[in-house]
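Text of coords_30.cif, listed as mmCIF, C-alpha atoms:
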data_input
loop_
_atom_site.label_atom_id
_atom_site.label_comp_id
_atom_site.auth_asym_id
_atom_site.auth_seq_id
_atom_site.Cartn_x
_atom_site.Cartn_y
_atom_site.Cartn_z
CA MET A 1 -0.66 12.72 -2.44
CA PRO A 2 -4.43 12.85 -2.37
CA ALA A 3 -5.82 16.25 -3.19
CA ALA A 4 -6.94 18.52 -0.39
CA ALA A 5 -10.49 18.08 -1.63
CA ASP A 6 -10.17 14.30 -1.28
CA ILE A 7 -8.96 14.63 2.29
CA GLN A 8 -11.75 17.08 3.03
CA THR A 9 -14.28 14.59 1.66
CA VAL A 10 -12.86 11.92 3.95
CA VAL A 11 -13.03 14.28 6.94
CA GLU A 12 -16.62 15.18 6.14
CA GLY A 13 -17.57 11.53 5.63
CA ILE A 14 -16.17 10.57 9.01
CA ALA A 15 -17.76 13.57 10.70
CA ASN A 16 -21.13 12.74 9.17
CA ALA A 17 -20.89 9.13 10.36
CA LEU A 18 -19.94 10.13 13.91
CA GLU A 19 -22.63 12.78 14.12
CA ALA A 20 -25.27 10.46 12.67
CA ASP A 21 -24.81 8.03 15.52
CA ALA A 22 -27.31 8.97 18.22
CA THR A 23 -25.45 7.06 20.92
CA LEU A 24 -22.20 8.81 20.19
CA VAL A 25 -23.85 12.20 20.07
CA ALA A 26 -25.64 11.56 23.36
CA ASN A 27 -22.56 10.27 25.16
CA THR A 28 -20.34 13.14 23.99
CA GLY A 29 -23.00 15.76 24.53
CA GLY A 30 -22.62 16.52 20.85
CA ARG A 31 -19.02 17.65 21.33
CA ILE A 32 -17.59 15.97 18.24
CA TYR A 33 -15.04 18.10 16.42
CA HIS A 34 -12.66 18.01 13.54
CA MET A 35 -9.22 19.00 14.85
CA SER A 36 -10.07 20.84 18.06
CA GLY A 37 -12.85 21.51 20.52
CA GLN A 38 -13.60 24.71 22.37
CA PRO A 39 -11.59 25.64 25.50
CA SER A 40 -14.81 26.05 27.45
CA ASP A 41 -16.17 22.64 26.55
CA PRO A 42 -17.08 20.35 29.41
CA LEU A 43 -15.88 16.76 29.13
CA PRO A 44 -16.22 14.42 27.38
CA VAL A 45 -14.95 15.74 24.07
CA LEU A 46 -14.19 13.83 20.87
CA THR A 47 -11.85 15.18 18.19
CA PHE A 48 -10.40 13.61 15.09
CA ASP A 49 -8.03 14.63 12.34
CA VAL A 50 -5.88 13.35 9.51
CA VAL A 51 -2.38 12.70 10.84
CA SER A 52 -0.65 11.26 7.78
CA SER A 53 -1.21 10.65 4.12
CA ASP A 54 0.78 8.33 1.87
CA VAL A 55 0.64 7.45 -1.80
CA THR A 56 1.72 4.28 -3.58
CA ARG A 57 2.19 4.53 -7.34
CA TYR A 58 1.66 1.80 -9.94
CA PHE A 59 3.15 1.42 -13.40
CA ASN A 60 -0.21 1.87 -15.08
CA GLY A 61 -0.73 5.26 -13.45
CA ASN A 62 -2.99 4.05 -10.65
CA ARG A 63 -2.33 5.43 -7.20
CA GLN A 64 -3.27 4.09 -3.79
CA PHE A 65 -3.81 6.57 -1.00
CA ASP A 66 -3.50 5.61 2.66
CA ILE A 67 -4.80 8.29 4.99
CA ASP A 68 -4.39 7.84 8.73
CA VAL A 69 -6.96 9.42 10.98
CA GLU A 70 -6.57 9.82 14.74
CA PHE A 71 -9.44 9.98 17.19
CA ASN A 72 -8.96 11.52 20.64
CA THR A 73 -11.55 11.31 23.36
CA TRP A 74 -11.20 13.10 26.68
CA SER A 75 -13.30 12.42 29.71
CA ALA A 76 -13.09 13.40 33.35
CA ARG A 77 -10.71 11.32 35.32
CA SER A 78 -12.53 8.52 37.07
CA GLY A 79 -11.86 5.51 39.18
CA GLY A 80 -11.21 3.50 36.06
CA THR A 81 -14.61 1.94 35.64
CA ALA A 82 -15.57 2.33 32.02
CA ASP A 83 -19.08 3.35 31.10
CA ALA A 84 -20.62 4.41 27.83
CA ALA A 85 -20.09 8.12 28.45
CA ASP A 86 -16.45 8.09 29.47
CA SER A 87 -13.57 8.19 27.05
CA ALA A 88 -13.13 4.42 26.96
CA GLY A 89 -16.82 3.83 26.32
CA ILE A 90 -16.93 6.51 23.65
CA ASP A 91 -13.85 5.02 22.07
CA ASP A 92 -15.59 1.66 21.88
CA ARG A 93 -18.49 3.33 20.12
CA ILE A 94 -16.15 5.04 17.63
CA TYR A 95 -14.92 1.60 16.66
CA GLU A 96 -18.48 0.38 16.10
CA VAL A 97 -19.31 3.35 13.91
CA ILE A 98 -16.09 3.76 11.97
CA ASP A 99 -14.56 0.34 11.35
CA GLY A 100 -15.50 -0.84 7.88
CA LEU A 101 -17.23 2.42 6.99
CA ALA A 102 -17.41 2.90 3.22
CA LEU A 103 -16.97 6.49 2.07
CA THR A 104 -17.82 8.03 -1.25
CA VAL A 105 -14.94 10.09 -2.59
CA PRO A 106 -15.52 11.37 -6.14
CA GLY A 107 -12.98 10.02 -8.59
CA LEU A 108 -11.59 7.47 -6.15
CA GLN A 109 -12.45 3.85 -5.50
CA ARG A 110 -12.42 1.59 -2.47
CA ALA A 111 -12.63 4.38 0.07
CA MET A 112 -12.97 2.34 3.23
CA VAL A 113 -12.16 3.20 6.84
CA LEU A 114 -10.43 0.49 8.85
CA MET A 115 -9.45 0.88 12.47
CA THR A 116 -5.76 0.14 12.99
CA SER A 117 -5.48 0.74 16.72
CA ARG A 118 -7.85 1.54 19.53
CA GLY A 119 -8.12 2.18 23.21
CA VAL A 120 -4.72 3.65 24.10
CA ARG A 121 -5.25 5.52 27.39
CA ILE A 122 -3.23 8.55 28.41
CA LEU A 123 -3.54 10.36 31.71
CA GLU A 124 -3.59 14.12 31.20
CA GLU A 125 -3.94 16.21 34.35
CA GLN A 126 -7.60 15.91 35.28
CA ALA A 127 -8.66 13.98 32.18
CA ILE A 128 -8.16 10.61 30.60
CA ARG A 129 -7.53 10.72 26.86
CA VAL A 130 -8.15 7.65 24.78
CA VAL A 131 -6.53 7.47 21.36
CA SER A 132 -7.56 5.36 18.39
CA ARG A 133 -6.43 5.36 14.81
CA ALA A 134 -7.98 4.37 11.51
CA ARG A 135 -6.69 4.09 7.98
CA VAL A 136 -8.65 5.13 4.95
CA VAL A 137 -7.58 3.23 1.85
CA MET A 138 -8.49 4.70 -1.53
CA PHE A 139 -7.56 3.83 -5.08
CA ALA A 140 -7.29 6.23 -8.02
CA ALA A 141 -7.38 4.87 -11.55
CA GLY A 142 -4.58 6.08 -13.82
CA MET Z 1 23.48 12.71 -17.52
CA PRO Z 2 20.62 12.24 -15.12
CA GLY Z 3 20.04 8.87 -13.59
CA ILE Z 4 16.90 6.85 -14.08
CA ILE Z 5 14.41 6.70 -11.26
CA GLY Z 6 11.84 4.04 -10.59
CA ALA Z 7 9.00 6.38 -11.49
CA ASP Z 8 10.21 6.16 -15.11
CA GLY Z 9 9.74 2.38 -15.12
CA ASN Z 10 7.10 0.11 -16.50
CA ILE Z 11 6.34 -3.51 -17.24
CA THR Z 12 4.44 -5.27 -19.97
CA MET Z 13 3.53 -8.59 -18.47
CA VAL Z 14 3.26 -11.91 -20.19
CA SER Z 15 -0.09 -11.97 -21.97
CA GLY Z 16 -2.87 -13.53 -19.94
CA HIS Z 17 -1.52 -12.53 -16.54
CA GLY Z 18 -3.27 -9.49 -15.06
CA GLY Z 19 -2.32 -7.35 -12.11
CA ILE Z 20 -1.74 -3.72 -11.25
CA LEU Z 21 1.99 -3.79 -10.78
CA ARG Z 22 4.35 -1.35 -9.19
CA THR Z 23 7.69 -3.10 -8.92
CA TRP Z 24 9.76 -5.54 -10.87
CA THR Z 25 13.15 -7.08 -10.35
CA ALA Z 26 15.16 -9.24 -12.70
CA THR Z 27 18.60 -10.80 -12.73
CA VAL Z 28 20.38 -11.47 -15.99
CA GLU Z 29 23.03 -14.07 -15.41
CA LYS Z 30 25.14 -16.42 -17.48
CA THR Z 31 26.17 -19.97 -16.90
CA VAL Z 32 29.77 -20.16 -15.77
CA SER Z 33 32.28 -22.81 -16.74
CA GLU Z 34 35.73 -23.07 -15.27
CA VAL Z 35 38.43 -23.40 -17.93
CA THR Z 36 41.56 -23.16 -15.83
CA PRO Z 37 44.48 -24.73 -17.72
CA PHE Z 38 47.22 -26.62 -15.94
CA SER Z 39 49.57 -23.81 -16.91
CA ASN Z 40 47.78 -21.30 -14.66
CA THR Z 41 49.62 -20.71 -11.45
CA THR Z 42 47.82 -17.71 -9.99
CA MET Z 43 44.20 -17.40 -11.00
CA ARG Z 44 41.41 -19.72 -12.02
CA SER Z 45 39.86 -18.95 -15.42
CA HIS Z 46 36.23 -19.00 -16.45
CA ARG Z 47 34.07 -18.59 -19.53
CA VAL Z 48 30.44 -17.64 -19.47
CA GLY Z 49 27.73 -19.14 -21.60
CA LEU Z 50 24.06 -18.59 -22.26
CA ILE Z 51 21.87 -16.02 -20.60
CA LEU Z 52 19.46 -16.96 -17.88
CA VAL Z 53 16.94 -14.37 -16.72
CA ARG Z 54 14.89 -14.77 -13.61
CA GLY Z 55 12.88 -12.28 -11.65
CA SER Z 56 9.56 -11.19 -10.29
CA ALA Z 57 6.97 -8.45 -10.53
CA SER Z 58 4.60 -7.35 -7.78
CA GLY Z 59 1.60 -5.19 -7.17
CA VAL Z 60 -2.05 -5.62 -6.32
CA PRO Z 61 -4.68 -7.81 -8.00
CA ASP Z 62 -6.69 -6.13 -10.74
CA ASP Z 63 -10.45 -6.38 -10.22
CA SER Z 64 -11.32 -5.62 -13.84
CA ALA Z 65 -12.80 -8.28 -16.10
CA THR Z 66 -9.44 -8.71 -17.81
CA GLY Z 67 -7.47 -8.66 -14.60
CA ASP Z 68 -7.31 -12.42 -14.13
CA PRO Z 69 -3.90 -13.38 -12.69
CA GLY Z 70 -3.99 -16.31 -15.07
CA ALA Z 71 -2.97 -18.94 -12.57
CA GLY Z 72 -5.15 -21.50 -14.29
CA ALA Z 73 -3.62 -21.00 -17.70
CA ILE Z 74 0.12 -20.58 -17.47
CA ALA Z 75 1.62 -21.07 -20.92
CA GLU Z 76 4.20 -23.83 -20.98
CA GLY Z 77 6.71 -21.92 -23.05
CA GLY Z 78 5.92 -18.48 -21.71
CA GLY Z 79 5.29 -15.20 -23.51
CA VAL Z 80 6.96 -11.89 -24.11
CA ILE Z 81 7.71 -9.68 -21.14
CA THR Z 82 9.17 -6.20 -21.32
CA LEU Z 83 10.85 -4.68 -18.32
CA THR Z 84 11.27 -0.95 -18.76
CA PHE Z 85 13.69 1.22 -16.83
CA ALA Z 86 12.61 4.34 -18.70
CA THR Z 87 11.29 5.24 -22.13
CA ALA Z 88 13.35 3.42 -24.79
CA ARG Z 89 15.43 1.68 -22.14
CA SER Z 90 14.23 -1.81 -21.52
CA TRP Z 91 14.84 -5.55 -21.52
CA SER Z 92 12.51 -7.72 -23.54
CA PHE Z 93 12.47 -11.49 -23.77
CA THR Z 94 10.21 -14.50 -23.59
CA ALA Z 95 9.49 -15.38 -20.00
CA ALA Z 96 7.78 -18.37 -18.51
CA ILE Z 97 5.75 -17.79 -15.38
CA THR Z 98 7.03 -20.10 -12.69
CA GLY Z 99 4.91 -18.98 -9.78
CA ILE Z 100 2.10 -16.66 -8.79
CA THR Z 101 1.74 -15.60 -5.17
CA GLY Z 102 -1.45 -13.92 -4.09
CA SER Z 103 -2.24 -12.55 -0.67
CA SER Z 104 -5.04 -10.74 1.06
CA ASP Z 105 -4.92 -9.12 4.47
CA LYS Z 106 -8.12 -8.19 6.31
CA SER Z 107 -6.40 -5.04 7.53
CA ALA Z 108 -6.46 -3.75 3.96
CA ASP Z 109 -3.52 -4.99 1.96
CA ALA Z 110 -3.75 -7.35 -0.98
CA ALA Z 111 -0.84 -8.33 -3.19
CA ILE Z 112 0.10 -10.39 -6.16
CA THR Z 113 3.56 -11.46 -7.28
CA PHE Z 114 4.60 -13.16 -10.50
CA ASP Z 115 7.86 -15.07 -10.64
CA PHE Z 116 9.36 -15.65 -14.07
CA ILE Z 117 12.32 -17.23 -15.79
CA SER Z 118 13.56 -17.04 -19.37
CA GLY Z 119 11.17 -19.05 -21.52
CA ASP Z 120 11.46 -21.18 -24.63
CA ALA Z 121 12.56 -18.51 -27.15
CA ASP Z 122 16.22 -17.88 -27.86
CA THR Z 123 16.06 -14.10 -27.73
CA PHE Z 124 16.95 -11.41 -25.27
CA THR Z 125 16.84 -7.77 -26.35
CA GLU Z 126 18.24 -4.84 -24.50
CA SER Z 127 16.94 -1.60 -26.00
CA TRP Z 128 18.76 1.51 -24.85
CA VAL Z 129 17.89 4.63 -26.83
#

Please rewrite the model in this file as structure tokens.
Amino acid sequence: MPAAADIQTVVEGIANALEADATLVANTGGRIYHMSGQPSDPLPVLTFDVVSSDVTRYFNGNRQFDIDVEFNTWSARSGGTADAADSAGIDDRIYEVIDGLALTVPGLQRAMVLMTSRGVRILEEQAIRVVSRARVVMFAAG
Amino acid sequence: MPGIIGADGNITMVSGHGGILRTWTATVEKTVSEVTPFSNTTMRSHRVGLILVRGSASGVPDDSATGDPGAGAIAEGGGVITLTFATARSWSFTAAITGITGSSDKSADAAITFDFISGDADTFTESWV
């Protein structure tokens, strides 16, 4: 498995990319969190976290790490018309920012974020949650 | 006695064919001739002949300068390949590369597979401790 420090570097890299995007910050009101927001937060809120981590081993000692990251965006329930500041619009922006993002993880190569699913909408009481996933592929020399 | 697990394995590929490999499979088989005499009344009889080895090895392409899959220079008679189950437990023989399959997937995965068959040398060595 990748070391905790490697996963932390990935989390920080994704957080930095999300928070560096002025559009995303504006449309979320700056409520971009790793793991969980605050109970008192108004909507919309964006959270993300690592949900799985796999390793593939090679005969020469190399290892490939596949880390899956899930993004959740909540917005107030609406009539279904997407705009930039609702969860669907924010989700679209996540894709623009994250897909193809190259990360720097010390000691590892090919750290790239690739979206694997996007735009899955879930109705939750008075909010609409949109879920997207990305995979970070990294390679460690043996 | 503990069993061998795949993590103990290894492969030394035919020289000139690069790749970062993580799996190999090989079948050692013999030619079969039926030698049933007229006197048999119950079971057909067979004898086996020479060894034939065929198999494949897979992994991902190697981006290093020496990682060339070697598709443009496959030796006619093959070269030595060693398939290791665990330390000091291996099969070694001359193998001819019969096919190289490369793939690349925009969603992240790339792969390379080498298919081989016993080559032009009359040797097969099983080393087992």

Expected answer as number ranges by chain: chain Z residues within 6 Å of chain A, all atoms listed in the file: Z: 10, 21-22

Export C-alpha atoms of the chosen residues as a CSV table (one decimal), in the coordinates of the input?
chain,number,residue,atom,x,y,z
Z,10,ASN,CA,7.1,0.1,-16.5
Z,21,LEU,CA,2.0,-3.8,-10.8
Z,22,ARG,CA,4.4,-1.4,-9.2

Selection result for the PyMOL selection byres ((chain Z and resi 72) around 12) on this file, as a VMD selection string: chain Z and resid 16 to 17 68 to 71 73 to 76 97 99 to 100

9 Å contact set for Phe116 (chain Z), all atoms listed in the file, chain neighbours under 5 positions out, as a list in words: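 With the cut-off at 9 Å, the set is Ala26, Val53, Arg54, Gly55, Ser56, Ala57, Gly78, Ala95, Ala96, Ile97, Thr98 and Gly99 of chain Z.
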
Explicit residue set for the PyMOL selection byres ((chain A and resi 26) around 12), as a list in words: Leu18, Glu19, Ala20, Asp21, Ala22, Thr23, Leu24, Val25, Asn27, Thr28, Gly29, Gly30, Arg31, Ile32, Pro44, Val45, Leu46, Ala84, Ala85, Asp86, Ile90 and Arg93 of chain A

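Near Gly13 (chain A), within 12 Å and counting all atoms listed in the file, sit Asp6, Ile7, Gln8, Thr9, Ala17, Leu18, Glu19, Ala20, His34, Val97, Ile98, Leu101, Ala102, Leu103, Thr104, Val105, Pro106, Ala111, Met112, Val113 and Val136 of chain A; same-chain residues fewer than 4 positions away were not included.
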
Length of the CA of Arg121 (chain A) to CA of Gly89 (chain A) vector [Å]: 11.7 Å

Length of the CA of Val10 (chain A) to CA of Pro39 (chain A) vector [Å]: 25.6 Å

Report the residues retrieved by the PyMOL selection byres ((chain Z and resi 84-93) around 6) from the displayed file, expressed as a CSV table (one decimal) with C-alpha atoms, keeping the file's coordinate frame.
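Saved file selection_1.csv follows:
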chain,number,residue,atom,x,y,z
Z,8,ASP,CA,10.2,6.2,-15.1
Z,9,GLY,CA,9.7,2.4,-15.1
Z,10,ASN,CA,7.1,0.1,-16.5
Z,11,ILE,CA,6.3,-3.5,-17.2
Z,80,VAL,CA,7.0,-11.9,-24.1
Z,81,ILE,CA,7.7,-9.7,-21.1
Z,82,THR,CA,9.2,-6.2,-21.3
Z,83,LEU,CA,10.8,-4.7,-18.3
Z,94,THR,CA,10.2,-14.5,-23.6
Z,123,THR,CA,16.1,-14.1,-27.7
Z,124,PHE,CA,17.0,-11.4,-25.3
Z,125,THR,CA,16.8,-7.8,-26.4
Z,126,GLU,CA,18.2,-4.8,-24.5
Z,127,SER,CA,16.9,-1.6,-26.0
Z,128,TRP,CA,18.8,1.5,-24.8
Z,129,VAL,CA,17.9,4.6,-26.8
